[in-house]
file entry.csv (CSV, C-alpha atoms)
chain,number,residue,atom,x,y,z
A,7,MET,CA,38.5,63.1,81.9
A,8,SER,CA,37.2,60.6,79.4
A,9,ALA,CA,36.9,61.6,75.7
A,10,HIS,CA,33.3,60.6,75.5
A,11,ARG,CA,31.1,61.9,72.7
A,12,THR,CA,28.6,64.2,74.4
A,13,ASP,CA,26.1,63.7,71.5
A,14,ALA,CA,25.9,60.0,72.4
A,15,PRO,CA,22.9,58.7,74.3
A,16,LEU,CA,22.9,58.1,78.1
A,17,ALA,CA,23.5,54.6,79.4
A,18,LEU,CA,20.9,53.6,82.1
A,19,SER,CA,21.6,50.5,84.2
A,20,VAL,CA,18.6,48.6,85.4
A,21,GLY,CA,19.5,48.4,89.1
A,22,ASP,CA,18.0,45.6,91.2
A,23,PRO,CA,15.3,44.1,88.9
A,24,SER,CA,13.2,43.1,91.8
A,25,GLY,CA,12.8,46.8,92.7
A,26,VAL,CA,11.2,49.7,90.8
A,27,GLY,CA,14.1,50.2,88.5
A,28,PRO,CA,12.5,48.4,85.5
A,29,GLU,CA,9.2,50.3,85.8
A,30,ILE,CA,10.7,53.8,86.4
A,31,ALA,CA,12.9,53.2,83.3
A,32,ILE,CA,9.7,52.2,81.3
A,33,ALA,CA,7.9,55.3,82.7
A,34,ALA,CA,10.8,57.6,81.9
A,35,TRP,CA,10.8,56.4,78.3
A,36,ARG,CA,7.1,56.7,78.0
A,37,ALA,CA,7.2,60.3,79.3
A,38,GLY,CA,9.5,61.2,76.4
A,39,ASP,CA,9.7,64.6,75.0
A,40,SER,CA,6.8,65.9,77.0
A,41,ALA,CA,9.0,65.6,80.1
A,42,GLY,CA,12.2,66.6,78.4
A,43,VAL,CA,13.7,63.1,78.6
A,44,PRO,CA,16.9,62.9,76.6
A,45,PRO,CA,17.7,59.7,74.5
A,46,PHE,CA,19.0,56.8,76.6
A,47,TYR,CA,19.3,53.1,76.4
A,48,LEU,CA,18.6,50.6,79.1
A,49,LEU,CA,21.1,47.9,80.1
A,50,ALA,CA,18.8,45.0,81.1
A,51,ASP,CA,17.4,41.6,80.4
A,52,PRO,CA,14.8,42.3,77.6
A,53,ALA,CA,12.5,39.5,78.8
A,54,LEU,CA,12.3,41.0,82.2
A,55,ILE,CA,11.4,44.4,80.9
A,56,GLU,CA,8.7,43.0,78.7
A,57,ALA,CA,7.3,41.0,81.6
A,58,ARG,CA,7.3,44.0,83.9
A,59,ALA,CA,5.6,46.2,81.3
A,60,ARG,CA,2.8,43.5,81.0
A,61,LEU,CA,2.5,43.3,84.8
A,62,ILE,CA,2.0,47.0,85.3
A,63,GLY,CA,-0.1,47.4,82.2
A,64,ALA,CA,2.3,49.7,80.3
A,65,ASN,CA,2.1,49.9,76.5
A,66,LEU,CA,5.7,49.4,75.5
A,67,ALA,CA,7.7,48.7,72.4
A,68,ILE,CA,11.3,47.7,72.9
A,69,ALA,CA,14.2,47.5,70.5
A,70,GLU,CA,17.2,45.3,71.3
A,71,THR,CA,20.1,47.3,70.0
A,72,LEU,CA,23.8,48.3,70.4
A,73,PRO,CA,24.6,51.6,72.0
A,74,GLY,CA,25.5,53.3,68.7
A,75,GLN,CA,22.0,52.6,67.3
A,76,ALA,CA,20.1,53.4,70.4
A,77,ALA,CA,19.3,57.0,69.6
A,78,HIS,CA,17.8,55.9,66.2
A,79,HIS,CA,15.2,53.7,68.0
A,80,PHE,CA,14.5,56.0,71.0
A,81,ALA,CA,11.5,57.9,69.5
A,82,ARG,CA,9.4,54.8,68.9
A,83,ALA,CA,10.8,52.1,71.1
A,84,LEU,CA,12.7,51.7,74.4
A,85,PRO,CA,16.3,50.8,73.3
A,86,ILE,CA,17.6,47.9,75.4
A,87,VAL,CA,21.2,46.7,75.2
A,88,PRO,CA,20.8,43.1,76.4
A,89,LEU,CA,22.9,41.7,79.3
A,90,GLN,CA,24.6,38.4,79.1
A,91,ALA,CA,23.2,37.5,82.5
A,92,ARG,CA,19.5,36.6,82.8
A,93,HIS,CA,17.4,38.1,85.5
A,94,VAL,CA,14.9,36.4,87.9
A,95,ASP,CA,11.6,38.2,87.6
A,96,SER,CA,10.5,38.5,91.2
A,97,PRO,CA,9.1,42.0,91.9
A,98,GLY,CA,9.3,42.9,95.5
A,99,GLU,CA,11.3,39.8,96.4
A,100,PRO,CA,15.1,40.5,96.1
A,101,ASP,CA,17.1,37.6,94.9
A,102,PRO,CA,21.0,37.3,95.1
A,103,ALA,CA,20.8,35.4,91.8
A,104,ASN,CA,20.2,38.8,90.2
A,105,ALA,CA,23.5,40.2,91.5
A,106,ALA,CA,25.5,39.2,88.4
A,107,GLY,CA,23.2,41.1,86.0
A,108,THR,CA,23.0,44.1,88.3
A,109,ILE,CA,26.7,44.4,88.4
A,110,GLU,CA,27.1,43.7,84.7
A,111,ALA,CA,24.7,46.5,83.9
A,112,ILE,CA,26.8,49.0,85.9
A,113,ASP,CA,30.1,47.7,84.4
A,114,SER,CA,28.8,48.0,80.9
A,115,ALA,CA,27.4,51.5,81.4
A,116,VAL,CA,30.7,52.7,82.7
A,117,ALA,CA,32.7,50.9,79.9
A,118,ASP,CA,30.3,52.5,77.3
A,119,CYS,CA,30.8,55.9,78.7
A,120,LEU,CA,34.6,55.6,78.9
A,121,ALA,CA,34.7,54.3,75.3
A,122,GLY,CA,32.5,57.2,74.0
A,123,ARG,CA,29.5,55.0,73.3
A,124,ALA,CA,27.5,56.9,76.0
A,125,ALA,CA,27.6,60.5,77.2
A,126,ALA,CA,27.0,59.7,80.8
A,127,VAL,CA,26.0,56.9,83.2
A,128,VAL,CA,22.6,56.9,84.9
A,129,THR,CA,21.9,54.2,87.5
A,130,CYS,CA,18.7,52.8,88.8
A,131,PRO,CA,18.7,51.8,92.5
A,132,ILE,CA,20.5,48.7,93.8
A,133,ALA,CA,19.8,46.7,96.9
A,134,LYS,CA,23.0,46.3,98.9
A,135,LYS,CA,21.9,43.4,101.0
A,136,SER,CA,21.2,41.2,97.9
A,137,LEU,CA,24.6,42.1,96.5
A,138,TYR,CA,26.4,41.4,99.8
A,139,ASP,CA,24.7,38.0,99.9
A,140,ALA,CA,26.2,37.3,96.5
A,141,GLY,CA,29.7,38.4,97.6
A,142,PHE,CA,29.7,42.0,96.5
A,143,GLY,CA,32.6,43.7,98.4
A,144,PHE,CA,31.7,47.4,98.2
A,145,PRO,CA,29.5,49.5,100.5
A,146,GLY,CA,27.4,50.9,97.7
A,147,HIS,CA,27.2,52.4,94.2
A,148,THR,CA,29.5,55.3,94.9
A,149,GLU,CA,32.3,53.2,96.2
A,150,TYR,CA,32.0,50.7,93.4
A,151,LEU,CA,32.1,53.4,90.8
A,152,ALA,CA,35.3,54.8,92.4
A,153,HIS,CA,36.8,51.3,92.1
A,154,LEU,CA,35.9,51.1,88.4
A,155,ALA,CA,37.3,54.6,87.8
A,156,SER,CA,40.5,53.8,89.7
A,157,ARG,CA,41.0,50.7,87.5
A,158,TYR,CA,40.6,52.8,84.4
A,159,ALA,CA,42.8,55.6,85.6
A,160,GLY,CA,45.5,53.4,87.0
A,161,LYS,CA,45.5,55.3,90.3
A,162,ASP,CA,43.2,55.8,93.2
A,163,VAL,CA,40.1,57.9,92.5
A,164,THR,CA,38.1,59.5,95.3
A,165,ALA,CA,34.4,59.6,94.5
A,166,VAL,CA,32.2,62.2,96.2
A,167,MET,CA,28.4,61.9,96.5
A,168,LEU,CA,26.4,65.1,95.8
A,169,LEU,CA,22.6,65.3,96.3
A,170,ALA,CA,21.3,67.9,93.8
A,171,GLY,CA,17.8,69.4,94.0
A,172,PRO,CA,16.2,72.6,92.7
A,173,ASP,CA,17.0,74.5,95.9
A,174,LEU,CA,19.9,72.7,97.6
A,175,ARG,CA,23.0,70.7,96.9
A,176,THR,CA,24.5,68.7,99.8
A,177,VAL,CA,27.6,66.5,100.1
A,178,PRO,CA,28.1,63.8,102.8
A,179,VAL,CA,31.8,63.7,103.7
A,180,THR,CA,31.3,60.2,105.2
A,181,ILE,CA,28.7,58.0,103.5
A,182,HIS,CA,27.7,54.4,104.2
A,183,ILE,CA,29.0,53.8,107.6
A,184,PRO,CA,27.3,53.6,111.0
A,185,LEU,CA,26.9,56.9,112.9
A,186,ALA,CA,29.1,55.6,115.7
A,187,GLU,CA,32.0,55.2,113.3
A,188,VAL,CA,31.9,58.8,111.9
A,189,PRO,CA,34.1,60.5,114.5
A,190,LYS,CA,36.7,57.7,114.0
A,191,VAL,CA,36.8,58.1,110.2
A,192,LEU,CA,36.4,61.9,109.9
A,193,THR,CA,39.7,63.7,109.3
A,194,THR,CA,40.9,67.1,108.2
A,195,GLU,CA,42.3,65.5,105.1
A,196,LEU,CA,39.0,63.8,104.2
A,197,ILE,CA,37.0,67.0,104.6
A,198,PHE,CA,39.6,69.0,102.5
A,199,ASP,CA,39.7,66.4,99.7
A,200,THR,CA,35.9,66.1,99.5
A,201,ALA,CA,35.5,69.9,99.4
A,202,ARG,CA,38.3,70.3,96.8
A,203,ILE,CA,36.7,67.7,94.5
A,204,THR,CA,33.3,69.3,95.1
A,205,ALA,CA,34.5,72.8,94.2
A,206,ALA,CA,36.3,71.5,91.1
A,207,ASP,CA,33.3,69.7,89.7
A,208,LEU,CA,30.9,72.5,90.5
A,209,LYS,CA,33.1,74.7,88.4
A,210,SER,CA,33.8,72.3,85.5
A,211,ARG,CA,30.5,70.5,85.3
A,212,PHE,CA,27.9,72.8,86.8
A,213,GLY,CA,29.4,76.0,85.4
A,214,ILE,CA,29.7,77.8,88.7
A,215,ALA,CA,32.7,80.1,88.3
A,216,ARG,CA,33.5,80.5,92.0
A,217,PRO,CA,31.7,77.8,94.0
A,218,ARG,CA,30.8,78.8,97.6
A,219,LEU,CA,30.9,75.9,100.1
A,220,ALA,CA,29.3,75.9,103.5
A,221,ILE,CA,30.9,73.3,105.9
A,222,ALA,CA,28.7,71.9,108.6
A,223,GLY,CA,30.0,71.0,112.0
A,224,LEU,CA,29.9,67.5,113.3
A,225,ASN,CA,28.4,68.2,116.7
A,226,PRO,CA,25.3,70.2,117.8
A,227,HIS,CA,26.0,73.9,117.5
A,228,ALA,CA,29.3,73.1,115.8
A,229,GLY,CA,30.7,72.0,119.1
A,230,GLU,CA,29.7,75.1,121.1
A,231,GLY,CA,33.4,76.0,121.7
A,232,GLY,CA,34.3,72.5,122.8
A,233,ALA,CA,31.3,72.1,125.2
A,234,MET,CA,29.7,69.6,122.9
A,235,GLY,CA,32.7,67.9,121.4
A,236,LEU,CA,36.2,68.8,120.3
A,237,GLU,CA,36.0,67.5,116.7
A,238,ASP,CA,34.8,70.7,115.1
A,239,ALA,CA,37.7,72.8,116.4
A,240,ALA,CA,40.3,70.0,116.0
A,241,ILE,CA,39.2,68.5,112.7
A,242,VAL,CA,36.7,70.6,110.8
A,243,ALA,CA,38.0,74.1,111.3
A,244,PRO,CA,41.5,73.3,110.1
A,245,ALA,CA,40.1,71.9,106.9
A,246,VAL,CA,38.1,75.1,106.3
A,247,GLU,CA,41.2,77.2,106.8
A,248,ARG,CA,43.2,75.0,104.5
A,249,LEU,CA,40.5,75.4,101.8
A,250,ARG,CA,40.7,79.2,102.1
A,251,VAL,CA,44.4,79.1,101.8
A,252,GLN,CA,43.9,77.2,98.5
A,253,GLY,CA,41.6,79.9,97.3
A,254,ILE,CA,38.3,78.0,97.8
A,255,ASP,CA,35.4,80.0,99.1
A,256,ALA,CA,34.5,78.0,102.2
A,257,ILE,CA,32.9,78.9,105.5
A,258,GLY,CA,32.5,76.9,108.7
A,259,PRO,CA,32.2,74.9,110.8
A,260,LEU,CA,28.5,75.9,110.9
A,261,PRO,CA,25.7,74.7,113.1
A,262,ALA,CA,23.8,72.2,110.9
A,263,ASP,CA,20.5,73.1,112.4
A,264,THR,CA,20.6,76.6,110.9
A,265,MET,CA,22.1,75.9,107.5
A,266,PHE,CA,19.1,74.8,105.5
A,267,HIS,CA,16.5,77.6,105.7
A,268,PRO,CA,16.0,79.7,102.5
A,269,ARG,CA,18.1,82.7,103.6
A,270,ALA,CA,21.0,80.4,104.6
A,271,ARG,CA,20.8,78.4,101.4
A,272,ALA,CA,21.1,81.6,99.3
A,273,SER,CA,24.6,82.1,100.7
A,274,TYR,CA,26.3,78.9,99.3
A,275,ASP,CA,26.3,76.6,96.3
A,276,ALA,CA,26.8,73.4,98.2
A,277,ALA,CA,26.7,72.3,101.8
A,278,LEU,CA,29.3,69.8,103.0
A,279,CYS,CA,27.9,67.6,105.8
A,280,MET,CA,29.8,65.3,108.1
A,281,TYR,CA,27.6,62.2,107.8
A,282,HIS,CA,25.0,60.6,105.6
A,283,ASP,CA,21.8,61.7,107.2
A,284,GLN,CA,23.0,65.2,107.9
A,285,ALA,CA,23.2,65.7,104.1
A,286,LEU,CA,20.3,63.5,102.9
A,287,ILE,CA,17.6,64.5,105.3
A,288,PRO,CA,17.4,68.2,104.1
A,289,ALA,CA,18.0,67.2,100.5
A,290,LYS,CA,15.1,64.7,100.5
A,291,THR,CA,12.8,66.9,102.6
A,292,LEU,CA,13.1,69.7,100.2
A,293,ALA,CA,12.9,67.7,97.0
A,294,PHE,CA,12.0,64.0,97.6
A,295,ASP,CA,10.8,63.4,94.0
A,296,GLU,CA,13.2,65.7,92.3
A,297,ALA,CA,16.6,65.3,94.0
A,298,VAL,CA,19.4,63.6,92.0
A,299,ASN,CA,22.4,61.7,93.3
A,300,VAL,CA,25.5,62.9,91.4
A,301,THR,CA,28.9,61.3,91.8
A,302,LEU,CA,31.7,63.8,91.6
A,303,GLY,CA,35.4,63.1,91.1
A,304,LEU,CA,35.0,60.4,88.4
A,305,PRO,CA,36.4,60.4,84.8
A,306,PHE,CA,32.8,60.1,83.6
A,307,ILE,CA,29.4,61.6,84.6
A,308,ARG,CA,27.1,59.6,86.8
A,309,THR,CA,23.7,60.5,88.2
A,310,SER,CA,21.0,58.4,89.8
A,311,PRO,CA,17.5,58.9,91.3
A,312,ASP,CA,17.7,59.8,95.0
A,313,HIS,CA,15.6,56.9,96.3
A,314,GLY,CA,16.0,53.2,96.9
A,315,THR,CA,14.6,50.1,95.3
A,316,ALA,CA,11.2,50.5,96.9
A,317,PHE,CA,10.5,46.7,97.0
A,318,ASP,CA,7.2,47.4,98.8
A,319,ILE,CA,5.7,48.9,95.7
A,320,ALA,CA,7.6,47.1,92.9
A,321,GLY,CA,5.4,45.5,90.3
A,322,LYS,CA,2.3,47.6,91.3
A,323,GLY,CA,2.6,50.2,88.6
A,324,ILE,CA,2.6,53.1,91.1
A,325,ALA,CA,6.3,54.0,91.2
A,326,ARG,CA,7.0,57.6,90.2
A,327,ALA,CA,9.7,58.3,87.7
A,328,ASP,CA,10.2,61.9,88.6
A,329,SER,CA,13.6,61.5,90.2
A,330,LEU,CA,14.9,59.3,87.4
A,331,ILE,CA,13.7,61.8,84.8
A,332,ALA,CA,15.5,64.5,86.8
A,333,ALA,CA,18.6,62.3,86.8
A,334,LEU,CA,18.5,61.8,83.1
A,335,ARG,CA,17.9,65.4,82.4
A,336,LEU,CA,20.8,66.5,84.7
A,337,ALA,CA,23.2,63.9,83.2
A,338,ARG,CA,22.4,65.3,79.8
A,339,ARG,CA,23.0,68.9,81.0
A,340,LEU,CA,26.3,68.0,82.7
A,341,ALA,CA,27.5,66.2,79.5
A,342,ASP,CA,26.6,69.2,77.4
A,343,SER,CA,28.2,71.6,79.9
A,344,GLY,CA,31.4,69.5,79.7
A,345,ARG,CA,31.4,69.8,76.0
A,346,HIS,CA,31.0,73.6,76.1
A,347,SER,CA,33.7,73.9,78.7
A,348,ALA,CA,36.1,71.8,76.6
A,349,ALA,CA,35.3,74.0,73.5
A,350,ALA,CA,36.0,77.1,75.5
call {"tool": "encode", "arguments": {"input": "entry.csv", "output": "structure tokens"}}
result
Amino acid sequence: MSAHRTDAPLALSVGDPSGVGPEIAIAAWRAGDSAGVPPFYLLADPALIEARARLIGANLAIAETLPGQAAHHFARALPIVPLQARHVDSPGEPDPANAAGTIEAIDSAVADCLAGRAAAVVTCPIAKKSLYDAGFGFPGHTEYLAHLASRYAGKDVTAVMLLAGPDLRTVPVTIHIPLAEVPKVLTTELIFDTARITAADLKSRFGIARPRLAIAGLNPHAGEGGAMGLEDAAIVAPAVERLRVQGIDAIGPLPADTMFHPRARASYDAALCMYHDQALIPAKTLAFDEAVNVTLGLPFIRTSPDHGTAFDIAGKGIARADSLIAALRLARRLADSGRHSAAA
């Protein structure tokens, strides 16, 4: 774990500037204390933020600053740590020319957190297609953050995506791959490692003394005894057994269609799902505006709003900041929880 100062502000990367990232950052700062928003600074092009504020009619004061002075400015101005890269201001029209600044913001947020200048990393949404067009070689945020963490740690780091809402936490074991590829990628080792990391972070960061994990099956009815596929018996069940041997409270494989009603949710702290939509559909259905994307397994805390760039409404002043505010609040809570755990 990094030795970051947990009283430091949060570092917020702007995401794709053609999306809603700039305006939800503005809205989160304007919500301030009334919404329980903790101090943060935005890594962005100040000119773009000023232009977006004018476009959406938001009354905004900004303060160009360094991370160490950000908290001093936060009460009366949005602290912005300027990027070296400039951003093209094209709301709703993604531009590969913005990729350099998008990545610089992420890199700087992570570097600040690892150096103790920030308590946690919070990221606004990125557009993968624009980054791919500019030569970005990672499937998404999660995988890129794992790369940065591996470089810092000097060894491979496995990052795990967790979607956290008020009533449900879900983890996709496989993430940004086509559905047809899931059975080829899914292994007992992958399920075991994902569950182990999930249990460890639920304990150390979320303060759950003995995390309970529900492991979904891959196939309908968890394979129905092999009638609907052999993967659940051959791949998922051995992972669950191995987790139990390791002392982790895990059950499964369970039929995914009966895992997410209120009575079922009360029996576990997180549900591990075998593919992206199996995890994200229930999470977003239950808490579309409040769910938070948390990356587990990293040497720093990272949260993000659980939505995309929303190019269709960018620049219109109607984007809601609820999920970003929830991400900022959760990042602060996890940072504080880590401090208390260390003190204990």
call {"tool": "residues_around", "arguments": {"input": "entry.csv", "residues": "A:Arg339", "least_positions_apart": "5", "cutoff": "12 Å", "atoms": "all atoms listed in the file", "output": "list in words"}}
result
Thr12, Asp13, Leu16, Gly42, Val43, Pro44, Ala125, Ala126, Arg211, Phe212, Gly213, Ile307, Arg308, Thr309, Ala332, Ala333, Leu334, Gly344, Arg345 and His346 of chain A
call {"tool": "atom_distance", "arguments": {"input": "entry.csv", "atom1": "atom CA of A:Pro97", "atom2": "atom CA of A:Phe144"}}
result
24.1 Å
call {"tool": "closest_residue", "arguments": {"input": "entry.csv", "among": "A:His182, A:His227, A:Arg157, A:Arg335", "to": "A:Lys134", "atoms": "all atoms listed in the file"}}
result
A:His182
call {"tool": "closest_residue", "arguments": {"input": "entry.csv", "among": "A:Ala165, A:Ala57, A:Met280, A:Val87", "to": "A:Lys190", "atoms": "all atoms listed in the file"}}
result
A:Met280
call {"tool": "closest_residue", "arguments": {"input": "entry.csv", "among": "A:Leu304, A:Ala170, A:Ala133, A:Ala64", "to": "A:Leu120", "atoms": "only C-alpha atoms"}}
result
A:Leu304
call {"tool": "residues_near_point", "arguments": {"input": "entry.csv", "point": "(22.1, 52.7, 87.3)", "cutoff": "12 Å", "atoms": "only C-alpha atoms", "output": "ChimeraX atom specification"}}
result
/A:16-23,26-28,30-31,46-50,107-116,126-133,146-148,150-151,299-301,307-315,330,333-334,337
call {"tool": "residues_around", "arguments": {"input": "entry.csv", "residues": "stretch 252-260 of chain A", "least_positions_apart": "3", "cutoff": "12 Å", "atoms": "only C-alpha atoms", "output": "JSON, numbers by chain"}}
result
{"A": [194, 197, 198, 199, 201, 202, 203, 204, 205, 206, 208, 209, 215, 216, 217, 218, 219, 220, 221, 222, 223, 224, 225, 226, 227, 228, 229, 230, 231, 236, 237, 238, 239, 240, 241, 242, 243, 244, 245, 246, 247, 248, 249, 263, 264, 265, 266, 270, 273, 274, 275, 276, 277, 278, 279, 280]}
call {"tool": "atom_distance", "arguments": {"input": "entry.csv", "atom1": "atom CA of A:Thr176", "atom2": "atom CA of A:Ala341"}}
result
20.7 Å
call {"tool": "atom_distance", "arguments": {"input": "entry.csv", "atom1": "atom CA of A:Gly63", "atom2": "atom CA of A:Leu89"}}
result
23.9 Å
call {"tool": "closest_residue", "arguments": {"input": "entry.csv", "among": "A:Leu196, A:Ile68, A:Leu137, A:Cys119", "to": "A:Thr164", "atoms": "only C-alpha atoms"}}
result
A:Leu196
call {"tool": "residues_around", "arguments": {"input": "entry.csv", "residues": "A:Ala14", "least_positions_apart": "6", "cutoff": "8 Å", "atoms": "all atoms listed in the file", "output": "list in words"}}
result
Gly74, Ala77, Gly122, Arg123, Ala124 and Ala125 of chain A
call {"tool": "write_last_selection", "arguments": {"input": "entry.csv", "atoms": "C-alpha atoms", "output": "PDB file, in the coordinates of the input"}}
result
ATOM      1  CA  GLY A  74      25.500  53.300  68.700  1.00  0.00           C
ATOM      2  CA  ALA A  77      19.300  57.000  69.600  1.00  0.00           C
ATOM      3  CA  GLY A 122      32.500  57.200  74.000  1.00  0.00           C
ATOM      4  CA  ARG A 123      29.500  55.000  73.300  1.00  0.00           C
ATOM      5  CA  ALA A 124      27.500  56.900  76.000  1.00  0.00           C
ATOM      6  CA  ALA A 125      27.600  60.500  77.200  1.00  0.00           C
TER       7      ALA A 125
END
call {"tool": "residues_near_point", "arguments": {"input": "entry.csv", "point": "(19.8, 67.1, 97.7)", "cutoff": "6 Å", "atoms": "all atoms listed in the file", "output": "number ranges by chain"}}
result
A: 169-171, 174-176, 289-290, 297
call {"tool": "closest_residue", "arguments": {"input": "entry.csv", "among": "A:His282, A:Pro15, A:Ile331, A:Pro52", "to": "A:Glu187", "atoms": "all atoms listed in the file"}}
result
A:His282
call {"tool": "decode", "arguments": {"input": "entry.csv", "residues": "stretch 34-42 of chain A", "atoms": "all heavy atoms", "output": "CSV table (one decimal), in the first residue's frame"}}
result
chain,number,residue,atom,x,y,z
A,34,ALA,N,-20.2,19.0,-9.3
A,34,ALA,CA,-19.8,18.4,-8.0
A,34,ALA,C,-19.2,19.5,-7.1
A,34,ALA,O,-19.6,19.6,-5.9
A,34,ALA,CB,-18.9,17.3,-8.2
A,35,TRP,N,-18.3,20.4,-7.7
A,35,TRP,CA,-17.8,21.4,-6.8
A,35,TRP,C,-18.8,22.4,-6.4
A,35,TRP,O,-18.8,22.8,-5.2
A,35,TRP,CB,-16.7,22.2,-7.6
A,35,TRP,CG,-16.1,23.3,-6.8
A,35,TRP,CD1,-15.2,23.2,-5.8
A,35,TRP,CD2,-16.5,24.7,-6.9
A,35,TRP,NE1,-15.0,24.5,-5.2
A,35,TRP,CE2,-15.8,25.4,-5.9
A,35,TRP,CE3,-17.4,25.4,-7.7
A,35,TRP,CZ2,-16.0,26.8,-5.7
A,35,TRP,CZ3,-17.6,26.7,-7.6
A,35,TRP,CH2,-16.8,27.4,-6.6
A,36,ARG,N,-19.7,22.7,-7.3
A,36,ARG,CA,-20.8,23.7,-6.9
A,36,ARG,C,-21.7,23.1,-5.9
A,36,ARG,O,-22.3,23.9,-5.0
A,36,ARG,CB,-21.6,24.1,-8.1
A,36,ARG,CG,-20.7,24.9,-9.2
A,36,ARG,CD,-21.6,25.3,-10.3
A,36,ARG,NE,-22.5,26.4,-10.0
A,36,ARG,CZ,-23.6,26.7,-10.6
A,36,ARG,NH1,-24.1,26.0,-11.6
A,36,ARG,NH2,-24.4,27.7,-10.2
A,37,ALA,N,-21.9,21.8,-5.8
A,37,ALA,CA,-22.8,21.2,-4.8
A,37,ALA,C,-22.2,21.4,-3.4
A,37,ALA,O,-22.9,21.6,-2.5
A,37,ALA,CB,-23.0,19.7,-5.2
A,38,GLY,N,-20.9,21.2,-3.4
A,38,GLY,CA,-20.1,21.5,-2.1
A,38,GLY,C,-20.6,20.8,-0.9
A,38,GLY,O,-21.0,19.7,-0.9
A,39,ASP,N,-20.5,21.6,0.2
A,39,ASP,CA,-20.8,21.0,1.5
A,39,ASP,C,-22.3,20.5,1.6
A,39,ASP,O,-22.6,19.5,2.3
A,39,ASP,CB,-20.6,22.0,2.6
A,39,ASP,CG,-19.2,22.3,2.9
A,39,ASP,OD1,-18.3,21.4,2.5
A,39,ASP,OD2,-18.8,23.3,3.6
A,40,SER,N,-23.2,21.1,0.9
A,40,SER,CA,-24.6,20.7,1.0
A,40,SER,C,-24.8,19.3,0.5
A,40,SER,O,-25.7,18.6,0.9
A,40,SER,CB,-25.5,21.7,0.1
A,40,SER,OG,-25.1,21.6,-1.2
A,41,ALA,N,-23.9,18.8,-0.3
A,41,ALA,CA,-24.0,17.4,-0.8
A,41,ALA,C,-22.9,16.5,-0.2
A,41,ALA,O,-22.7,15.4,-0.6
A,41,ALA,CB,-23.9,17.4,-2.4
A,42,GLY,N,-22.2,17.1,0.8
A,42,GLY,CA,-21.1,16.3,1.4
A,42,GLY,C,-19.9,16.0,0.5
A,42,GLY,O,-19.3,15.0,0.7
